[in-house]
$ cat work-v7.pdb   # PDB, C-alpha atoms
ATOM      1  CA  MET A 259     -74.696  18.674 -22.149
ATOM      2  CA  LYS A 260     -71.762  16.335 -21.662
ATOM      3  CA  HIS A 261     -70.290  17.390 -24.983
ATOM      4  CA  GLU A 262     -70.601  21.044 -23.944
ATOM      5  CA  ARG A 263     -68.831  20.189 -20.714
ATOM      6  CA  ARG A 264     -66.129  18.361 -22.621
ATOM      7  CA  ASN A 265     -65.550  21.368 -24.884
ATOM      8  CA  LYS A 266     -65.182  23.570 -21.812
ATOM      9  CA  LEU A 267     -62.708  21.134 -20.288
ATOM     10  CA  CYS A 268     -60.699  21.092 -23.503
ATOM     11  CA  ALA A 269     -60.567  24.885 -23.423
ATOM     12  CA  LEU A 270     -59.532  24.997 -19.755
ATOM     13  CA  PHE A 271     -57.054  22.178 -19.468
ATOM     14  CA  ALA A 272     -54.035  21.515 -21.639
ATOM     15  CA  SER A 273     -52.679  18.227 -22.897
ATOM     16  CA  LEU A 274     -48.919  17.880 -22.780
ATOM     17  CA  LEU A 275     -47.381  15.794 -25.545
ATOM     18  CA  ILE A 276     -43.703  14.859 -25.414
ATOM     19  CA  ILE A 277     -42.260  13.567 -28.644
ATOM     20  CA  CYS A 278     -38.653  12.435 -28.685
ATOM     21  CA  TYR A 279     -36.736  12.391 -31.946
ATOM     22  CA  THR A 280     -34.074   9.743 -31.790
ATOM     23  CA  SER A 281     -30.849   9.560 -33.737
ATOM     24  CA  ARG A 282     -27.756   7.419 -33.383
ATOM     25  CA  SER A 283     -26.062   9.990 -31.171
ATOM     26  CA  LYS A 284     -28.758  11.477 -28.951
ATOM     27  CA  ALA A 285     -32.457  12.024 -28.322
ATOM     28  CA  VAL A 286     -33.843  15.529 -28.701
ATOM     29  CA  PRO A 287     -37.082  16.187 -26.771
ATOM     30  CA  VAL A 288     -39.687  18.435 -28.369
ATOM     31  CA  PHE A 289     -42.535  19.806 -26.247
ATOM     32  CA  TYR A 290     -46.008  20.744 -27.430
ATOM     33  CA  MET A 291     -48.841  22.315 -25.487
ATOM     34  CA  SER A 292     -52.328  22.130 -26.945
ATOM     35  CA  LYS A 293     -55.534  23.683 -25.644
ATOM     36  CA  ALA A 294     -57.756  20.820 -26.728
ATOM     37  CA  VAL A 295     -57.481  17.076 -26.507
ATOM     38  CA  ALA A 296     -58.542  16.839 -30.146
ATOM     39  CA  ASP A 297     -55.384  18.713 -31.152
ATOM     40  CA  ILE A 298     -53.173  15.778 -30.205
ATOM     41  CA  GLY A 299     -53.883  13.813 -33.364
ATOM     42  CA  GLU A 300     -52.890  16.661 -35.653
ATOM     43  CA  ILE A 301     -49.743  17.330 -33.624
ATOM     44  CA  ILE A 302     -48.710  13.686 -33.864
ATOM     45  CA  ARG A 303     -49.398  13.475 -37.604
ATOM     46  CA  ARG A 304     -47.377  16.602 -38.348
ATOM     47  CA  THR A 305     -44.513  15.622 -36.065
ATOM     48  CA  CYS A 306     -44.275  12.130 -37.515
ATOM     49  CA  ARG A 307     -44.188  13.709 -40.963
ATOM     50  CA  ILE A 308     -41.324  15.998 -39.904
ATOM     51  CA  ALA A 309     -39.473  13.026 -38.446
ATOM     52  CA  GLU A 310     -39.936  11.160 -41.716
ATOM     53  CA  LEU A 311     -38.496  14.065 -43.690
ATOM     54  CA  LEU A 312     -35.549  14.211 -41.283
ATOM     55  CA  GLY A 313     -34.990  10.491 -41.673
ATOM     56  CA  ARG A 314     -35.568   9.771 -38.002
ATOM     57  CA  ASP A 315     -37.751   7.395 -36.066
ATOM     58  CA  THR A 316     -40.282   8.654 -33.552
ATOM     59  CA  ILE A 317     -40.999   7.450 -30.063
ATOM     60  CA  ILE A 318     -44.300   8.819 -28.859
ATOM     61  CA  GLU A 319     -45.435   9.158 -25.271
ATOM     62  CA  THR A 320     -48.478  11.164 -24.193
ATOM     63  CA  TYR A 321     -49.379  12.773 -20.918
ATOM     64  CA  ASN A 322     -52.926  14.042 -21.211
ATOM     65  CA  TYR A 323     -54.249  16.026 -18.288
ATOM     66  CA  VAL A 324     -57.967  15.510 -18.707
ATOM     67  CA  ILE A 325     -60.123  16.387 -15.723
ATOM     68  CA  TYR A 326     -62.981  13.917 -15.329
ATOM     69  CA  GLY A 327     -64.828  16.047 -12.763
ATOM     70  CA  GLY A 328     -68.202  17.797 -12.948
ATOM     71  CA  ASP A 329     -71.013  15.674 -14.330
ATOM     72  CA  THR A 330     -70.646  11.915 -14.494
ATOM     73  CA  MET A 331     -68.059  10.850 -17.065
ATOM     74  CA  ASN A 332     -68.241   7.506 -18.842
ATOM     75  CA  ILE A 333     -64.657   6.446 -19.441
ATOM     76  CA  ALA A 334     -63.851   3.538 -21.754
ATOM     77  CA  LEU A 335     -60.829   1.434 -20.818
ATOM     78  CA  ILE A 336     -59.680  -0.512 -23.872
ATOM     79  CA  LEU A 337     -57.503  -3.547 -23.163
ATOM     80  CA  ALA A 338     -54.946  -4.192 -25.906
ATOM     81  CA  GLY A 339     -52.036  -5.717 -24.032
ATOM     82  CA  GLY A 340     -52.453  -9.425 -24.797
ATOM     83  CA  THR A 341     -50.306 -11.713 -26.928
ATOM     84  CA  GLY A 342     -50.953 -13.189 -30.369
ATOM     85  CA  GLU A 343     -49.776 -16.728 -29.755
ATOM     86  CA  ARG A 344     -53.085 -18.355 -30.667
ATOM     87  CA  LEU A 345     -53.218 -16.540 -33.985
ATOM     88  CA  MET A 346     -49.632 -17.553 -34.815
ATOM     89  CA  ARG A 347     -48.850 -14.251 -36.518
ATOM     90  CA  GLY A 348     -46.143 -12.981 -34.194
ATOM     91  CA  ARG A 349     -48.069  -9.958 -32.966
ATOM     92  CA  PRO A 350     -50.688  -9.219 -30.315
ATOM     93  CA  LYS A 351     -54.207 -10.057 -31.466
ATOM     94  CA  PRO A 352     -55.525  -6.453 -31.354
ATOM     95  CA  PHE A 353     -52.961  -5.452 -33.989
ATOM     96  CA  VAL A 354     -53.653  -8.164 -36.533
ATOM     97  CA  SER A 355     -55.009  -6.563 -39.726
ATOM     98  CA  VAL A 356     -58.314  -7.555 -41.257
ATOM     99  CA  ARG A 357     -59.085  -6.037 -44.654
ATOM    100  CA  GLY A 358     -56.201  -3.624 -44.103
ATOM    101  CA  THR A 359     -57.435  -2.391 -40.728
ATOM    102  CA  MET A 360     -56.231  -3.533 -37.311
ATOM    103  CA  ILE A 361     -58.731  -5.252 -35.045
ATOM    104  CA  ILE A 362     -58.314  -2.549 -32.398
ATOM    105  CA  THR A 363     -59.183   0.114 -34.977
ATOM    106  CA  HIS A 364     -62.584  -1.489 -35.587
ATOM    107  CA  CYS A 365     -63.087  -1.556 -31.829
ATOM    108  CA  LEU A 366     -62.113   2.104 -31.366
ATOM    109  CA  ALA A 367     -64.415   3.148 -34.195
ATOM    110  CA  ALA A 368     -67.407   1.689 -32.359
ATOM    111  CA  VAL A 369     -66.451   2.966 -28.910
ATOM    112  CA  GLY A 370     -65.343   6.399 -30.094
ATOM    113  CA  ALA A 371     -68.541   7.028 -32.027
ATOM    114  CA  HIS A 372     -70.796   6.226 -29.074
ATOM    115  CA  PRO A 373     -72.452   9.392 -27.705
ATOM    116  CA  LEU A 374     -72.324   8.197 -24.072
ATOM    117  CA  ILE A 375     -68.558   7.618 -24.049
ATOM    118  CA  ASP A 376     -66.732  10.752 -22.916
ATOM    119  CA  ALA A 377     -63.113   9.600 -22.744
ATOM    120  CA  ILE A 378     -60.969   6.654 -23.866
ATOM    121  CA  GLN A 379     -57.950   5.226 -22.069
ATOM    122  CA  ILE A 380     -55.984   2.478 -23.864
ATOM    123  CA  VAL A 381     -53.838  -0.187 -22.230
ATOM    124  CA  ALA A 382     -51.113  -1.072 -24.750
ATOM    125  CA  GLU A 383     -47.369  -1.606 -24.955
ATOM    126  CA  GLU A 384     -45.347   1.431 -26.043
ATOM    127  CA  GLU A 385     -44.144  -0.268 -29.224
ATOM    128  CA  TRP A 386     -47.724  -0.412 -30.586
ATOM    129  CA  ARG A 387     -48.944   3.046 -29.642
ATOM    130  CA  GLU A 388     -47.762   4.786 -32.782
ATOM    131  CA  LYS A 389     -49.577   2.162 -34.877
ATOM    132  CA  ILE A 390     -52.740   2.852 -32.906
ATOM    133  CA  TYR A 391     -52.400   6.584 -33.611
ATOM    134  CA  GLU A 392     -51.879   5.978 -37.321
ATOM    135  CA  GLN A 393     -55.210   4.186 -37.735
ATOM    136  CA  MET A 394     -57.231   5.768 -34.954
ATOM    137  CA  PRO A 395     -60.682   6.949 -36.093
ATOM    138  CA  GLU A 396     -61.250  10.673 -35.679
ATOM    139  CA  ALA A 397     -64.116  10.199 -33.219
ATOM    140  CA  ALA A 398     -61.915   8.092 -30.935
ATOM    141  CA  LEU A 399     -58.968  10.455 -31.274
ATOM    142  CA  LYS A 400     -61.055  13.358 -29.994
ATOM    143  CA  LYS A 401     -61.888  11.380 -26.858
ATOM    144  CA  LEU A 402     -58.462   9.858 -26.259
ATOM    145  CA  SER A 403     -57.104  10.624 -22.788
ATOM    146  CA  GLY A 404     -53.926   8.553 -22.978
ATOM    147  CA  PHE A 405     -52.242   5.183 -22.581
ATOM    148  CA  SER A 406     -51.474   2.855 -19.685
ATOM    149  CA  LYS A 407     -48.910   0.075 -19.466
ATOM    150  CA  PRO A 408     -50.159  -3.534 -19.551
ATOM    151  CA  GLY A 409     -49.618  -5.731 -16.525
ATOM    152  CA  PRO A 410     -48.480  -9.365 -16.343
ATOM    153  CA  ASN A 411     -52.123 -10.497 -16.624
ATOM    154  CA  ARG A 412     -55.499  -9.092 -17.645
ATOM    155  CA  GLN A 413     -56.583  -7.922 -14.199
ATOM    156  CA  ARG A 414     -53.279  -6.179 -13.571
ATOM    157  CA  SER A 415     -53.676  -4.401 -16.910
ATOM    158  CA  ILE A 416     -57.119  -3.241 -15.814
ATOM    159  CA  PHE A 417     -55.702  -2.040 -12.500
ATOM    160  CA  ASN A 418     -52.922  -0.119 -14.264
ATOM    161  CA  GLY A 419     -55.542   1.622 -16.369
ATOM    162  CA  LEU A 420     -57.615   2.432 -13.301
ATOM    163  CA  LYS A 421     -54.582   3.909 -11.536
ATOM    164  CA  THR A 422     -53.991   6.216 -14.503
ATOM    165  CA  ILE A 423     -57.566   7.456 -14.442
ATOM    166  CA  MET A 424     -58.211   7.704 -10.690
ATOM    167  CA  PRO A 425     -56.254  10.877  -9.757
ATOM    168  CA  SER A 426     -58.724  13.098 -11.608
ATOM    169  CA  ALA A 427     -61.878  10.966 -11.381
ATOM    170  CA  LYS A 428     -65.022  11.762  -9.419
ATOM    171  CA  LYS A 429     -67.168   9.479  -7.305
ATOM    172  CA  SER A 430     -69.964   9.313  -9.880
ATOM    173  CA  ASP A 431     -67.767   8.370 -12.873
ATOM    174  CA  ILE A 432     -68.330   5.109 -14.739
ATOM    175  CA  ILE A 433     -65.602   2.848 -16.114
ATOM    176  CA  VAL A 434     -66.491   0.831 -19.220
ATOM    177  CA  ILE A 435     -63.959  -1.978 -19.685
ATOM    178  CA  HIS A 436     -63.727  -3.536 -23.132
ATOM    179  CA  ASP A 437     -61.418  -6.011 -24.842
ATOM    180  CA  ALA A 438     -59.891  -4.661 -28.040
ATOM    181  CA  THR A 439     -60.342  -8.147 -29.491
ATOM    182  CA  ARG A 440     -64.135  -7.698 -29.564
ATOM    183  CA  PRO A 441     -64.323  -5.350 -32.572
ATOM    184  CA  LEU A 442     -68.028  -5.864 -33.359
ATOM    185  CA  VAL A 443     -69.378  -4.345 -30.157
ATOM    186  CA  SER A 444     -72.648  -2.555 -30.876
ATOM    187  CA  GLU A 445     -73.974   0.819 -29.782
ATOM    188  CA  THR A 446     -76.872  -0.979 -28.105
ATOM    189  CA  LEU A 447     -74.568  -3.063 -25.929
ATOM    190  CA  ILE A 448     -72.453  -0.096 -24.841
ATOM    191  CA  THR A 449     -75.613   1.813 -23.963
ATOM    192  CA  ALA A 450     -76.927  -1.099 -21.897
ATOM    193  CA  CYS A 451     -73.657  -1.215 -19.918
ATOM    194  CA  VAL A 452     -73.697   2.491 -19.091
ATOM    195  CA  LYS A 453     -77.415   2.540 -18.250
ATOM    196  CA  ALA A 454     -76.994  -0.438 -15.911
ATOM    197  CA  CYS A 455     -74.886   1.737 -13.613
ATOM    198  CA  GLU A 456     -77.824   4.094 -13.047
ATOM    199  CA  LYS A 457     -79.458   1.524 -10.740
ATOM    200  CA  TYR A 458     -76.631  -0.892  -9.956
ATOM    201  CA  ASP A 459     -72.927  -0.826  -9.105
ATOM    202  CA  GLY A 460     -72.152  -2.453 -12.419
ATOM    203  CA  GLY A 461     -73.502  -4.218 -15.475
ATOM    204  CA  ILE A 462     -72.204  -7.279 -17.331
ATOM    205  CA  PRO A 463     -73.426  -8.654 -20.693
ATOM    206  CA  VAL A 464     -73.714 -12.436 -20.709
ATOM    207  CA  LEU A 465     -74.799 -15.238 -22.997
ATOM    208  CA  PRO A 466     -76.543 -18.370 -21.692
ATOM    209  CA  VAL A 467     -74.649 -21.640 -22.083
ATOM    210  CA  LEU A 468     -76.945 -23.768 -24.224
ATOM    211  CA  ASP A 469     -75.174 -27.090 -23.682
ATOM    212  CA  THR A 470     -75.315 -29.112 -20.485
ATOM    213  CA  ILE A 471     -72.240 -28.528 -18.308
ATOM    214  CA  TYR A 472     -70.806 -31.589 -16.560
ATOM    215  CA  MET A 473     -68.430 -31.628 -13.598
ATOM    216  CA  ARG A 474     -66.022 -34.525 -13.508
ATOM    217  CA  LYS A 475     -64.188 -36.419 -10.796
ATOM    218  CA  GLU A 476     -61.410 -38.804 -11.760
ATOM    219  CA  ARG A 477     -62.596 -38.945 -15.406
ATOM    220  CA  CYS A 478     -66.180 -39.748 -14.378
ATOM    221  CA  VAL A 479     -69.266 -37.539 -14.346
ATOM    222  CA  ASP A 480     -69.674 -36.191 -10.826
ATOM    223  CA  SER A 481     -72.421 -33.582 -11.230
ATOM    224  CA  PHE A 482     -73.888 -31.148 -13.720
ATOM    225  CA  HIS A 483     -75.295 -27.634 -13.941
ATOM    226  CA  GLU A 484     -78.842 -27.212 -15.101
ATOM    227  CA  ARG A 485     -79.391 -25.263 -18.284
ATOM    228  CA  GLY A 486     -80.306 -21.660 -17.690
ATOM    229  CA  THR A 487     -78.075 -21.289 -14.628
ATOM    230  CA  VAL A 488     -74.683 -20.930 -16.347
ATOM    231  CA  TYR A 489     -73.600 -17.957 -18.457
ATOM    232  CA  THR A 490     -70.497 -16.756 -20.277
ATOM    233  CA  GLN A 491     -69.352 -13.175 -19.820
ATOM    234  CA  GLN A 492     -68.716 -10.634 -22.561
ATOM    235  CA  THR A 493     -67.336  -7.127 -22.610
ATOM    236  CA  PRO A 494     -67.905  -4.212 -22.396
ATOM    237  CA  GLU A 495     -68.622  -4.360 -18.690
ATOM    238  CA  ALA A 496     -69.333  -1.216 -16.706
ATOM    239  CA  TYR A 497     -68.749  -0.364 -13.047
ATOM    240  CA  ARG A 498     -68.950   2.600 -10.736
ATOM    241  CA  LEU A 499     -65.315   3.619 -11.030
ATOM    242  CA  LYS A 500     -64.329   4.412  -7.441
ATOM    243  CA  LYS A 501     -66.106   1.377  -5.986
ATOM    244  CA  TYR A 502     -64.490  -0.917  -8.532
ATOM    245  CA  TYR A 503     -61.058   0.591  -7.956
ATOM    246  CA  ALA A 504     -61.433   0.107  -4.194
ATOM    247  CA  ALA A 505     -62.532  -3.497  -4.782
ATOM    248  CA  ASN A 506     -59.324  -4.163  -6.719
ATOM    249  CA  GLN A 507     -57.173  -2.420  -4.116
ATOM    250  CA  LYS A 508     -58.486  -4.749  -1.410
ATOM    251  CA  LEU A 509     -56.963  -7.699  -3.276
ATOM    252  CA  LEU A 510     -53.445  -6.271  -3.313
ATOM    253  CA  PRO A 511     -50.737  -7.392  -3.304
ATOM    254  CA  ASP A 512     -51.192 -11.055  -4.243
ATOM    255  CA  LYS A 513     -54.891 -11.917  -4.469
ATOM    256  CA  LEU A 514     -55.411  -9.659  -7.475
ATOM    257  CA  ASP A 515     -53.306 -12.057  -9.546
ATOM    258  CA  GLN A 516     -55.509 -14.976  -8.561
ATOM    259  CA  VAL A 517     -58.891 -13.690  -9.769
ATOM    260  CA  ASN A 518     -60.496 -15.612 -12.615
ATOM    261  CA  ASP A 519     -62.411 -12.752 -14.168
ATOM    262  CA  SER A 520     -62.630  -8.967 -14.047
ATOM    263  CA  ALA A 521     -66.015  -9.083 -12.289
ATOM    264  CA  GLU A 522     -64.622 -11.152  -9.429
ATOM    265  CA  PRO A 523     -63.142  -8.221  -7.421
ATOM    266  CA  ALA A 524     -66.536  -6.492  -7.574
ATOM    267  CA  VAL A 525     -68.383  -9.623  -6.461
ATOM    268  CA  LEU A 526     -65.941 -10.225  -3.587
ATOM    269  CA  ALA A 527     -66.432  -6.611  -2.468
ATOM    270  CA  GLY A 528     -70.203  -7.051  -2.389
ATOM    271  CA  MET A 529     -70.959  -4.724  -5.297
ATOM    272  CA  ASN A 530     -74.438  -5.102  -6.730
ATOM    273  CA  LEU A 531     -73.968  -6.258 -10.341
ATOM    274  CA  VAL A 532     -76.702  -6.880 -12.877
ATOM    275  CA  MET A 533     -76.454  -9.285 -15.799
ATOM    276  CA  PHE A 534     -78.144  -8.597 -19.116
ATOM    277  CA  LEU A 535     -78.241 -10.366 -22.445
ATOM    278  CA  GLY A 536     -75.178  -9.919 -24.617
ATOM    279  CA  GLU A 537     -74.876 -10.422 -28.375
ATOM    280  CA  ALA A 538     -73.641 -13.454 -30.286
ATOM    281  CA  THR A 539     -71.984 -11.150 -32.834
ATOM    282  CA  ASN A 540     -69.868  -9.631 -30.075
ATOM    283  CA  PHE A 541     -67.414 -12.531 -30.195
ATOM    284  CA  ARG A 542     -63.767 -12.313 -29.183
ATOM    285  CA  ILE A 543     -61.032 -12.837 -31.772
ATOM    286  CA  GLU A 544     -58.959 -15.776 -30.536
ATOM    287  CA  THR A 545     -58.319 -18.075 -33.510
ATOM    288  CA  LEU A 546     -57.922 -17.987 -37.272
ATOM    289  CA  ILE A 547     -61.531 -19.172 -37.552
ATOM    290  CA  ASP A 548     -62.613 -16.089 -35.600
ATOM    291  CA  LEU A 549     -60.681 -13.922 -38.058
ATOM    292  CA  GLU A 550     -62.572 -15.473 -40.952
ATOM    293  CA  ARG A 551     -65.869 -14.842 -39.158
ATOM    294  CA  LEU A 552     -64.875 -11.214 -38.666
ATOM    295  CA  LYS A 553     -64.156 -10.814 -42.378
ATOM    296  CA  VAL A 554     -67.662 -12.018 -43.157
ATOM    297  CA  PHE A 555     -69.273  -9.490 -40.807
ATOM    298  CA  ILE A 556     -67.111  -6.620 -42.083
ATOM    299  CA  ASN A 557     -68.263  -7.335 -45.650
ATOM    300  CA  ILE A 558     -71.962  -7.350 -44.721
TER     301      ILE A 558
END
$ encode --input "work-v7.pdb" --output "structure tokens"
Amino acid sequence: MKHERRNKLCALFASLLIICYTSRSKAVPVFYMSKAVADIGEIIRRTCRIAELLGRDTIIETYNYVIYGGDTMNIALILAGGTGERLMRGRPKPFVSVRGTMIITHCLAAVGAHPLIDAIQIVAEEEWREKIYEQMPEAALKKLSGFSKPGPNRQRSIFNGLKTIMPSAKKSDIIVIHDATRPLVSETLITACVKACEKYDGGIPVLPVLDTIYMRKERCVDSFHERGTVYTQQTPEAYRLKKYYAANQKLLPDKLDQVNDSAEPAVLAGMNLVMFLGEATNFRIETLIDLERLKVFINI
């Protein structure tokens, strides 16, 4: 039913793509109007090919007018605006290649193929967007609604993405926030996130901390947390979109920059969040060791 609705939306609402050809002397804007969101990928591929033949570079910016109204829409917000300092490769972690494919591409393949995800919004710097298009899986491309600019920190990046989505969102819509650096996210985990919002204001996958956690005071043990009471958070995490957006707005202008985690605005606003068991294979790529682990899983 949702796919039928999406097809109707694609037929009713256009996506405006502005592609600027740049030369040494001037920039020439070229406008395209497509009747379906899925058409964007083909337009970009053909235009980039023309630019290549003309010997010009392309700067791509998209403005996709997708209406999220009607039935509940599950919108994935993919965060790809971090840095790559820990990997020491001079590029943001989502764009490091593993077996010839960028980490974010593996992520988009999983999210785009999920039947409950209706639209995808990506937070990424402009300089990386063309690379994302080049490797974007077809399933993700058909659901792509556009890009948002990263903020100075993770929560600001989330808020920028929310602001892009909100003008056409409905009260019942669900936002599914996921780090692009978790490329092994499973269909089961995405489903659990979305389903959690049927009864709660949000759902967060967690893993129990198996080691004893000590609190220190002046280099000495001060207290400890009992096992089974401390958990680490994973993504994707899902929230009722309008409630979560309002929770973030309440922390403006300064408190939003002080939150420790993306669930914190929801907790401070009194939203009812449920925790459920995450997956050990859904690890985040942070170090070279993580990259090696990812290579092993990709080859399985």
$ residues_near_point --input "work-v7.pdb" --point "(-60.8, -6.4, -27.1)" --cutoff "9 Å" --atoms "all atoms listed in the file" --output "PyMOL selection string"
chain A and resi 336-338+351-352+361-362+365+436-441+493-494+542-543
$ resolve_selection --input "work-v7.pdb" --expression "the PyMOL selection byres ((chain A and resi 446-453) around 10)" --output "ChimeraX atom specification"
/A:332-334,368-369,372-375,432-436,443-445,454-458,460-463,493-498,532-537,540
$ closest_atom_pairs --input "work-v7.pdb" --of "region 411-453 of chain A" --to "region 401-405 of chain A" --cutoff "9 Å" --atoms "only C-alpha atoms" --output "tab-separated table"
residue	atom	partner	partner_atom	distance
A:Gly419	CA	A:Phe405	CA	7.9
A:Thr422	CA	A:Phe405	CA	8.3
A:Ile423	CA	A:Ser403	CA	8.9
$ atom_distance --input "work-v7.pdb" --atom1 "CA of Asp376 (chain A)" --atom2 "CA of Leu549 (chain A)"
29.6 Å
$ residues_near_point --input "work-v7.pdb" --point "(-65.5, -12.6, -41.6)" --cutoff "12 Å" --atoms "all atoms listed in the file" --output "list of chain:residue names"
A:Val356, A:Arg357, A:Ile361, A:Pro441, A:Leu442, A:Thr539, A:Phe541, A:Ile543, A:Leu546, A:Ile547, A:Asp548, A:Leu549, A:Glu550, A:Arg551, A:Leu552, A:Lys553, A:Val554, A:Phe555, A:Ile556, A:Asn557, A:Ile558
$ atom_distance --input "work-v7.pdb" --atom1 "CA of Pro425 (chain A)" --atom2 "CA of Gly370 (chain A)"
22.7 Å
